[in-house]
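Okay, my_file.tsv is below, TSV, C-alpha atoms:
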```tsv
chain	number	residue	atom	x	y	z
A	1	MET	CA	-54.66	41.90	-51.59
A	2	ALA	CA	-51.60	39.67	-51.75
A	3	HIS	CA	-51.02	37.02	-49.12
A	4	LEU	CA	-47.95	35.31	-47.77
A	5	LYS	CA	-47.55	32.05	-49.71
A	6	THR	CA	-44.84	30.50	-47.52
A	7	ALA	CA	-45.92	30.15	-43.91
A	8	VAL	CA	-43.55	31.13	-41.13
A	9	GLY	CA	-41.60	28.03	-40.20
A	10	LYS	CA	-38.90	26.69	-37.93
A	11	ASP	CA	-36.09	27.83	-40.25
A	12	ASP	CA	-37.18	31.48	-40.35
A	13	HIS	CA	-35.26	34.09	-38.34
A	14	LYS	CA	-37.67	35.26	-35.64
A	15	LEU	CA	-37.68	37.84	-32.85
A	16	GLY	CA	-40.35	38.17	-30.23
A	17	ASN	CA	-43.06	35.96	-28.84
A	18	PRO	CA	-43.50	32.72	-30.82
A	19	ASN	CA	-47.12	32.63	-29.60
A	20	ALA	CA	-47.88	36.26	-30.45
A	21	SER	CA	-51.21	37.23	-31.95
A	22	LYS	CA	-49.43	39.39	-34.54
A	23	VAL	CA	-46.82	37.92	-36.88
A	24	LEU	CA	-44.98	40.53	-38.94
A	25	VAL	CA	-42.87	39.30	-41.86
A	26	GLU	CA	-40.50	41.65	-43.66
A	27	TYR	CA	-38.92	40.89	-47.00
A	28	GLY	CA	-35.85	43.08	-46.90
A	29	ASP	CA	-32.65	44.00	-48.69
A	30	TYR	CA	-29.66	45.05	-46.59
A	31	GLN	CA	-28.55	47.67	-49.12
A	32	CYS	CA	-32.01	49.17	-49.70
A	33	SER	CA	-32.24	52.66	-48.20
A	34	HIS	CA	-35.97	52.17	-47.58
A	35	CYS	CA	-35.21	49.04	-45.52
A	36	GLY	CA	-32.63	51.08	-43.65
A	37	ILE	CA	-35.31	53.62	-42.79
A	38	ALA	CA	-37.65	50.82	-41.65
A	39	PHE	CA	-34.99	49.18	-39.45
A	40	PRO	CA	-35.34	51.50	-36.40
A	41	HIS	CA	-39.14	51.52	-36.83
A	42	ILE	CA	-39.21	47.72	-36.57
A	43	ASN	CA	-37.05	47.84	-33.45
A	44	ARG	CA	-39.42	50.39	-31.94
A	45	LEU	CA	-42.41	48.17	-32.78
A	46	LEU	CA	-40.71	45.26	-31.04
A	47	ASP	CA	-40.06	47.41	-27.98
A	48	ASN	CA	-43.57	48.87	-27.87
A	49	TYR	CA	-45.55	45.72	-28.63
A	50	GLY	CA	-43.46	43.21	-26.67
A	51	ASP	CA	-45.26	39.89	-26.31
A	52	GLU	CA	-47.92	40.87	-28.84
A	53	ILE	CA	-45.57	40.53	-31.83
A	54	LEU	CA	-43.36	38.02	-33.58
A	55	PHE	CA	-41.06	39.53	-36.21
A	56	VAL	CA	-39.65	37.50	-39.10
A	57	PHE	CA	-36.97	38.73	-41.51
A	58	ARG	CA	-36.63	37.16	-44.95
A	59	ASN	CA	-33.96	38.05	-47.47
A	60	PHE	CA	-34.99	39.72	-50.70
A	61	PRO	CA	-31.71	41.00	-52.20
A	62	LEU	CA	-32.36	43.15	-55.25
A	63	GLN	CA	-29.00	42.50	-56.86
A	64	GLU	CA	-29.49	44.59	-59.99
A	65	SER	CA	-29.83	47.81	-58.01
A	66	HIS	CA	-27.98	46.76	-54.84
A	67	PRO	CA	-24.80	44.87	-55.73
A	68	ALA	CA	-23.78	44.24	-52.10
A	69	ALA	CA	-27.20	42.96	-51.01
A	70	MET	CA	-26.57	39.28	-51.72
A	71	MET	CA	-23.20	39.19	-49.98
A	72	ALA	CA	-24.74	40.99	-46.99
A	73	ALA	CA	-27.60	38.48	-46.83
A	74	LEU	CA	-25.11	35.62	-46.99
A	75	ALA	CA	-23.02	37.23	-44.24
A	76	ALA	CA	-26.08	37.48	-41.98
A	77	GLU	CA	-26.94	33.85	-42.70
A	78	ALA	CA	-23.34	32.78	-42.05
A	79	ALA	CA	-23.38	34.63	-38.72
A	80	GLY	CA	-26.67	32.87	-38.00
A	81	ARG	CA	-24.87	29.55	-38.23
A	82	GLN	CA	-22.97	30.71	-35.14
A	83	GLY	CA	-26.05	32.00	-33.35
A	84	LYS	CA	-25.48	35.65	-34.27
A	85	PHE	CA	-27.96	36.31	-37.08
A	86	TRP	CA	-29.72	39.20	-35.38
A	87	GLU	CA	-26.48	40.82	-34.22
A	88	MET	CA	-25.11	40.72	-37.78
A	89	HIS	CA	-28.48	41.82	-39.21
A	90	ASP	CA	-28.43	44.91	-36.99
A	91	MET	CA	-24.77	45.73	-37.66
A	92	ILE	CA	-25.26	45.44	-41.42
A	93	PHE	CA	-28.11	47.95	-41.30
A	94	GLU	CA	-26.04	50.22	-39.06
A	95	HIS	CA	-23.23	50.14	-41.69
A	96	GLN	CA	-25.51	50.10	-44.71
A	97	ASP	CA	-23.76	53.02	-46.40
A	98	SER	CA	-20.39	51.25	-46.50
A	99	LEU	CA	-21.22	47.66	-47.40
A	100	SER	CA	-18.35	45.73	-48.91
A	101	ALA	CA	-16.70	42.37	-48.38
A	102	ASP	CA	-14.16	44.03	-46.09
A	103	THR	CA	-16.90	45.69	-44.03
A	104	LEU	CA	-18.75	42.40	-43.61
A	105	ILE	CA	-15.56	40.60	-42.56
A	106	ASN	CA	-14.86	43.36	-40.04
A	107	LEU	CA	-18.38	43.02	-38.64
A	108	ALA	CA	-17.93	39.27	-38.30
A	109	GLU	CA	-14.67	39.87	-36.42
A	110	LYS	CA	-16.40	42.37	-34.12
A	111	LEU	CA	-18.96	39.67	-33.32
A	112	HIS	CA	-16.08	37.33	-32.42
A	113	LEU	CA	-17.21	34.75	-34.94
A	114	ASP	CA	-15.05	31.78	-35.83
A	115	MET	CA	-13.68	33.38	-38.98
A	116	GLU	CA	-12.79	30.15	-40.75
A	117	GLN	CA	-16.32	28.84	-40.27
A	118	PHE	CA	-17.78	32.23	-41.23
A	119	SER	CA	-15.74	32.28	-44.44
A	120	ASN	CA	-16.79	28.74	-45.37
A	121	ASP	CA	-20.44	29.36	-44.55
A	122	TRP	CA	-20.49	32.74	-46.31
A	123	ARG	CA	-19.48	31.01	-49.55
A	124	SER	CA	-21.57	27.87	-49.12
A	125	GLN	CA	-24.11	26.72	-51.67
A	126	GLU	CA	-26.44	25.77	-48.83
A	127	LEU	CA	-26.73	29.36	-47.60
A	128	LEU	CA	-27.02	30.64	-51.16
A	129	LYS	CA	-29.97	28.28	-51.63
A	130	ARG	CA	-31.51	29.54	-48.39
A	131	VAL	CA	-31.31	33.19	-49.50
A	132	GLU	CA	-32.62	32.27	-52.95
A	133	GLY	CA	-35.46	30.36	-51.24
A	134	ASP	CA	-36.43	33.46	-49.28
A	135	PHE	CA	-36.35	35.47	-52.50
A	136	GLU	CA	-38.49	32.94	-54.37
A	137	SER	CA	-41.02	32.79	-51.52
A	138	GLY	CA	-41.26	36.57	-51.76
A	139	LEU	CA	-41.88	36.44	-55.49
A	140	ARG	CA	-44.64	33.84	-54.97
A	141	SER	CA	-46.18	36.17	-52.38
A	142	GLY	CA	-46.21	39.14	-54.76
A	143	VAL	CA	-43.15	40.95	-53.41
A	144	ASN	CA	-41.63	43.25	-56.02
A	145	GLY	CA	-39.76	45.74	-53.87
A	146	THR	CA	-38.35	46.23	-50.41
A	147	PRO	CA	-39.32	46.48	-47.72
A	148	THR	CA	-42.53	44.50	-48.09
A	149	PHE	CA	-44.45	43.66	-44.95
A	150	PHE	CA	-47.03	40.98	-44.22
A	151	LEU	CA	-49.05	41.02	-41.01
A	152	ASN	CA	-50.69	37.71	-40.15
A	153	GLY	CA	-50.26	36.65	-43.77
A	154	ALA	CA	-51.79	39.72	-45.46
A	155	ARG	CA	-49.55	42.16	-47.32
A	156	TYR	CA	-49.54	45.64	-45.85
A	157	ASP	CA	-49.39	48.20	-48.64
A	158	ASN	CA	-49.69	51.43	-46.62
A	159	TYR	CA	-46.16	51.64	-45.23
A	160	ASP	CA	-44.90	55.16	-45.96
A	161	GLU	CA	-41.51	55.04	-44.21
A	162	THR	CA	-42.92	56.33	-40.94
A	163	TYR	CA	-43.29	54.60	-37.63
A	164	ALA	CA	-46.89	55.83	-37.52
A	165	SER	CA	-47.79	53.78	-40.60
A	166	LEU	CA	-46.42	50.59	-39.00
A	167	GLU	CA	-48.23	51.35	-35.77
A	168	GLN	CA	-51.44	51.86	-37.77
A	169	MET	CA	-50.90	48.42	-39.30
A	170	MET	CA	-50.60	46.91	-35.83
A	171	ARG	CA	-53.88	48.50	-34.74
A	172	GLU	CA	-55.88	47.42	-37.81
```
Would you mind writing the file's structure down as structure tokens?
Amino acid sequence: MAHLKTAVGKDDHKLGNPNASKVLVEYGDYQCSHCGIAFPHINRLLDNYGDEILFVFRNFPLQESHPAAMMAALAAEAAGRQGKFWEMHDMIFEHQDSLSADTLINLAEKLHLDMEQFSNDWRSQELLKRVEGDFESGLRSGVNGTPTFFLNGARYDNYDETYASLEQMMRE
């Protein structure tokens, strides 16, 4: 079984209880339809497990098959610079079928981001290195597709695009 090689750290995007007994890490791609299917399941897990779970999202843009994935990851990271990572993350998944530069700019405007800062951050080498760092940490951990989940450091290979499979993971 593969294990998470890069521990969850202060720079990761996290939702939930930082002291939770269950830490769920997803390597995801904003343009991946399978990640889009997982998105509401993750939200449901967060609702149902409350303080028992900490959720971490790491970028794993599969650019060869998803040409808008990298720009979407960079847009989420740029929004994160203004404290709106999770809002942008959610909006990107909600508009997954129409991802383009124009869509991402419109989402940033809807979040009332400082558009000059967003534009500069979106194109920054620093955020590109961050996304590439997430991707490389995924490769080191044996990620070869999205979504890939790790619970408390162990890769979960039984996700079948149903909420029930994620709930089973939480119970194991």
Distance criterion (only C-alpha atoms): nearest to His13 of chain A out of A:Glu64, A:Glu87, A:Asp160, A:Glu136: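 Between A:Glu64, A:Glu87, A:Asp160, A:Glu136, the residue approaching His13 of chain A most closely is A:Glu87.
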For segment 90-97 of chain A, take all atoms listed in the file, fit an axis-aligned box around them, add 8 Å to each of the six sides, then output centre and edge lengths in Å rounded to one decimal, as lines of an AutoDock Vina configuration file.
```
center_x = -25.8
center_y = 49.0
center_z = -41.7
size_x = 21.2
size_y = 24.1
size_z = 25.4
```
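The gap separating atom CA of Arg58 of chain A from atom CA of Ser141 of chain A is 12.1 Å, in Å to one decimal.
Closest approach to Leu45 of chain A among A:Met91, A:Ala2, A:Leu127, A:Leu24: A:Leu24, based on all atoms listed in the file.
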Neighbours of His3 of chain A within 12 Å (only C-alpha atoms; same-chain residues fewer than 4 positions away dropped), as an mmCIF file with C-alpha atoms, keeping the file's coordinate frame?
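Below is the file that was written, out.cif:
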```cif
data_model
loop_
_atom_site.group_PDB
_atom_site.id
_atom_site.type_symbol
_atom_site.label_atom_id
_atom_site.label_comp_id
_atom_site.auth_asym_id
_atom_site.auth_seq_id
_atom_site.Cartn_x
_atom_site.Cartn_y
_atom_site.Cartn_z
ATOM 1 C CA ALA A 7 -45.920 30.150 -43.910
ATOM 2 C CA VAL A 25 -42.870 39.300 -41.860
ATOM 3 C CA SER A 137 -41.020 32.790 -51.520
ATOM 4 C CA GLY A 138 -41.260 36.570 -51.760
ATOM 5 C CA LEU A 139 -41.880 36.440 -55.490
ATOM 6 C CA ARG A 140 -44.640 33.840 -54.970
ATOM 7 C CA SER A 141 -46.180 36.170 -52.380
ATOM 8 C CA GLY A 142 -46.210 39.140 -54.760
ATOM 9 C CA VAL A 143 -43.150 40.950 -53.410
ATOM 10 C CA THR A 148 -42.530 44.500 -48.090
ATOM 11 C CA PHE A 149 -44.450 43.660 -44.950
ATOM 12 C CA PHE A 150 -47.030 40.980 -44.220
ATOM 13 C CA LEU A 151 -49.050 41.020 -41.010
ATOM 14 C CA ASN A 152 -50.690 37.710 -40.150
ATOM 15 C CA GLY A 153 -50.260 36.650 -43.770
ATOM 16 C CA ALA A 154 -51.790 39.720 -45.460
ATOM 17 C CA ARG A 155 -49.550 42.160 -47.320
ATOM 18 C CA TYR A 156 -49.540 45.640 -45.850
ATOM 19 C CA ASP A 157 -49.390 48.200 -48.640
#
```
If I put a ball of radius 9 Å at (-27.8, 42.4, -45.2) in the file's coordinates, which residues poke into it when counting all atoms listed in the file, written as a PDB file with C-alpha atoms, in the frame of the given file?
```pdb
ATOM      1  CA  GLY A  28     -35.850  43.080 -46.900  1.00  0.00           C
ATOM      2  CA  ASP A  29     -32.650  44.000 -48.690  1.00  0.00           C
ATOM      3  CA  TYR A  30     -29.660  45.050 -46.590  1.00  0.00           C
ATOM      4  CA  GLN A  31     -28.550  47.670 -49.120  1.00  0.00           C
ATOM      5  CA  ASN A  59     -33.960  38.050 -47.470  1.00  0.00           C
ATOM      6  CA  PRO A  61     -31.710  41.000 -52.200  1.00  0.00           C
ATOM      7  CA  ALA A  68     -23.780  44.240 -52.100  1.00  0.00           C
ATOM      8  CA  ALA A  69     -27.200  42.960 -51.010  1.00  0.00           C
ATOM      9  CA  MET A  70     -26.570  39.280 -51.720  1.00  0.00           C
ATOM     10  CA  MET A  71     -23.200  39.190 -49.980  1.00  0.00           C
ATOM     11  CA  ALA A  72     -24.740  40.990 -46.990  1.00  0.00           C
ATOM     12  CA  ALA A  73     -27.600  38.480 -46.830  1.00  0.00           C
ATOM     13  CA  LEU A  74     -25.110  35.620 -46.990  1.00  0.00           C
ATOM     14  CA  ALA A  75     -23.020  37.230 -44.240  1.00  0.00           C
ATOM     15  CA  ALA A  76     -26.080  37.480 -41.980  1.00  0.00           C
ATOM     16  CA  GLU A  77     -26.940  33.850 -42.700  1.00  0.00           C
ATOM     17  CA  MET A  88     -25.110  40.720 -37.780  1.00  0.00           C
ATOM     18  CA  HIS A  89     -28.480  41.820 -39.210  1.00  0.00           C
ATOM     19  CA  ASP A  90     -28.430  44.910 -36.990  1.00  0.00           C
ATOM     20  CA  MET A  91     -24.770  45.730 -37.660  1.00  0.00           C
ATOM     21  CA  ILE A  92     -25.260  45.440 -41.420  1.00  0.00           C
ATOM     22  CA  PHE A  93     -28.110  47.950 -41.300  1.00  0.00           C
ATOM     23  CA  GLN A  96     -25.510  50.100 -44.710  1.00  0.00           C
ATOM     24  CA  LEU A  99     -21.220  47.660 -47.400  1.00  0.00           C
TER      25      LEU A  99
END
```
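Among the candidates A:Glu161, A:Glu116, A:Asp97, A:Asp121, the residue lying nearest to Thr146 of chain A is A:Glu161 (atoms considered: all atoms listed in the file).
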Hey, which of A:Lys110, A:Lys10, A:Arg130, A:His34 ends up closest to Ala78 of chain A? Count all atoms listed in the file. A:Arg130
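Reported to one decimal place, the separation of atom CA of Phe85 of chain A from atom CA of Ser165 of chain A is 26.7 Å.
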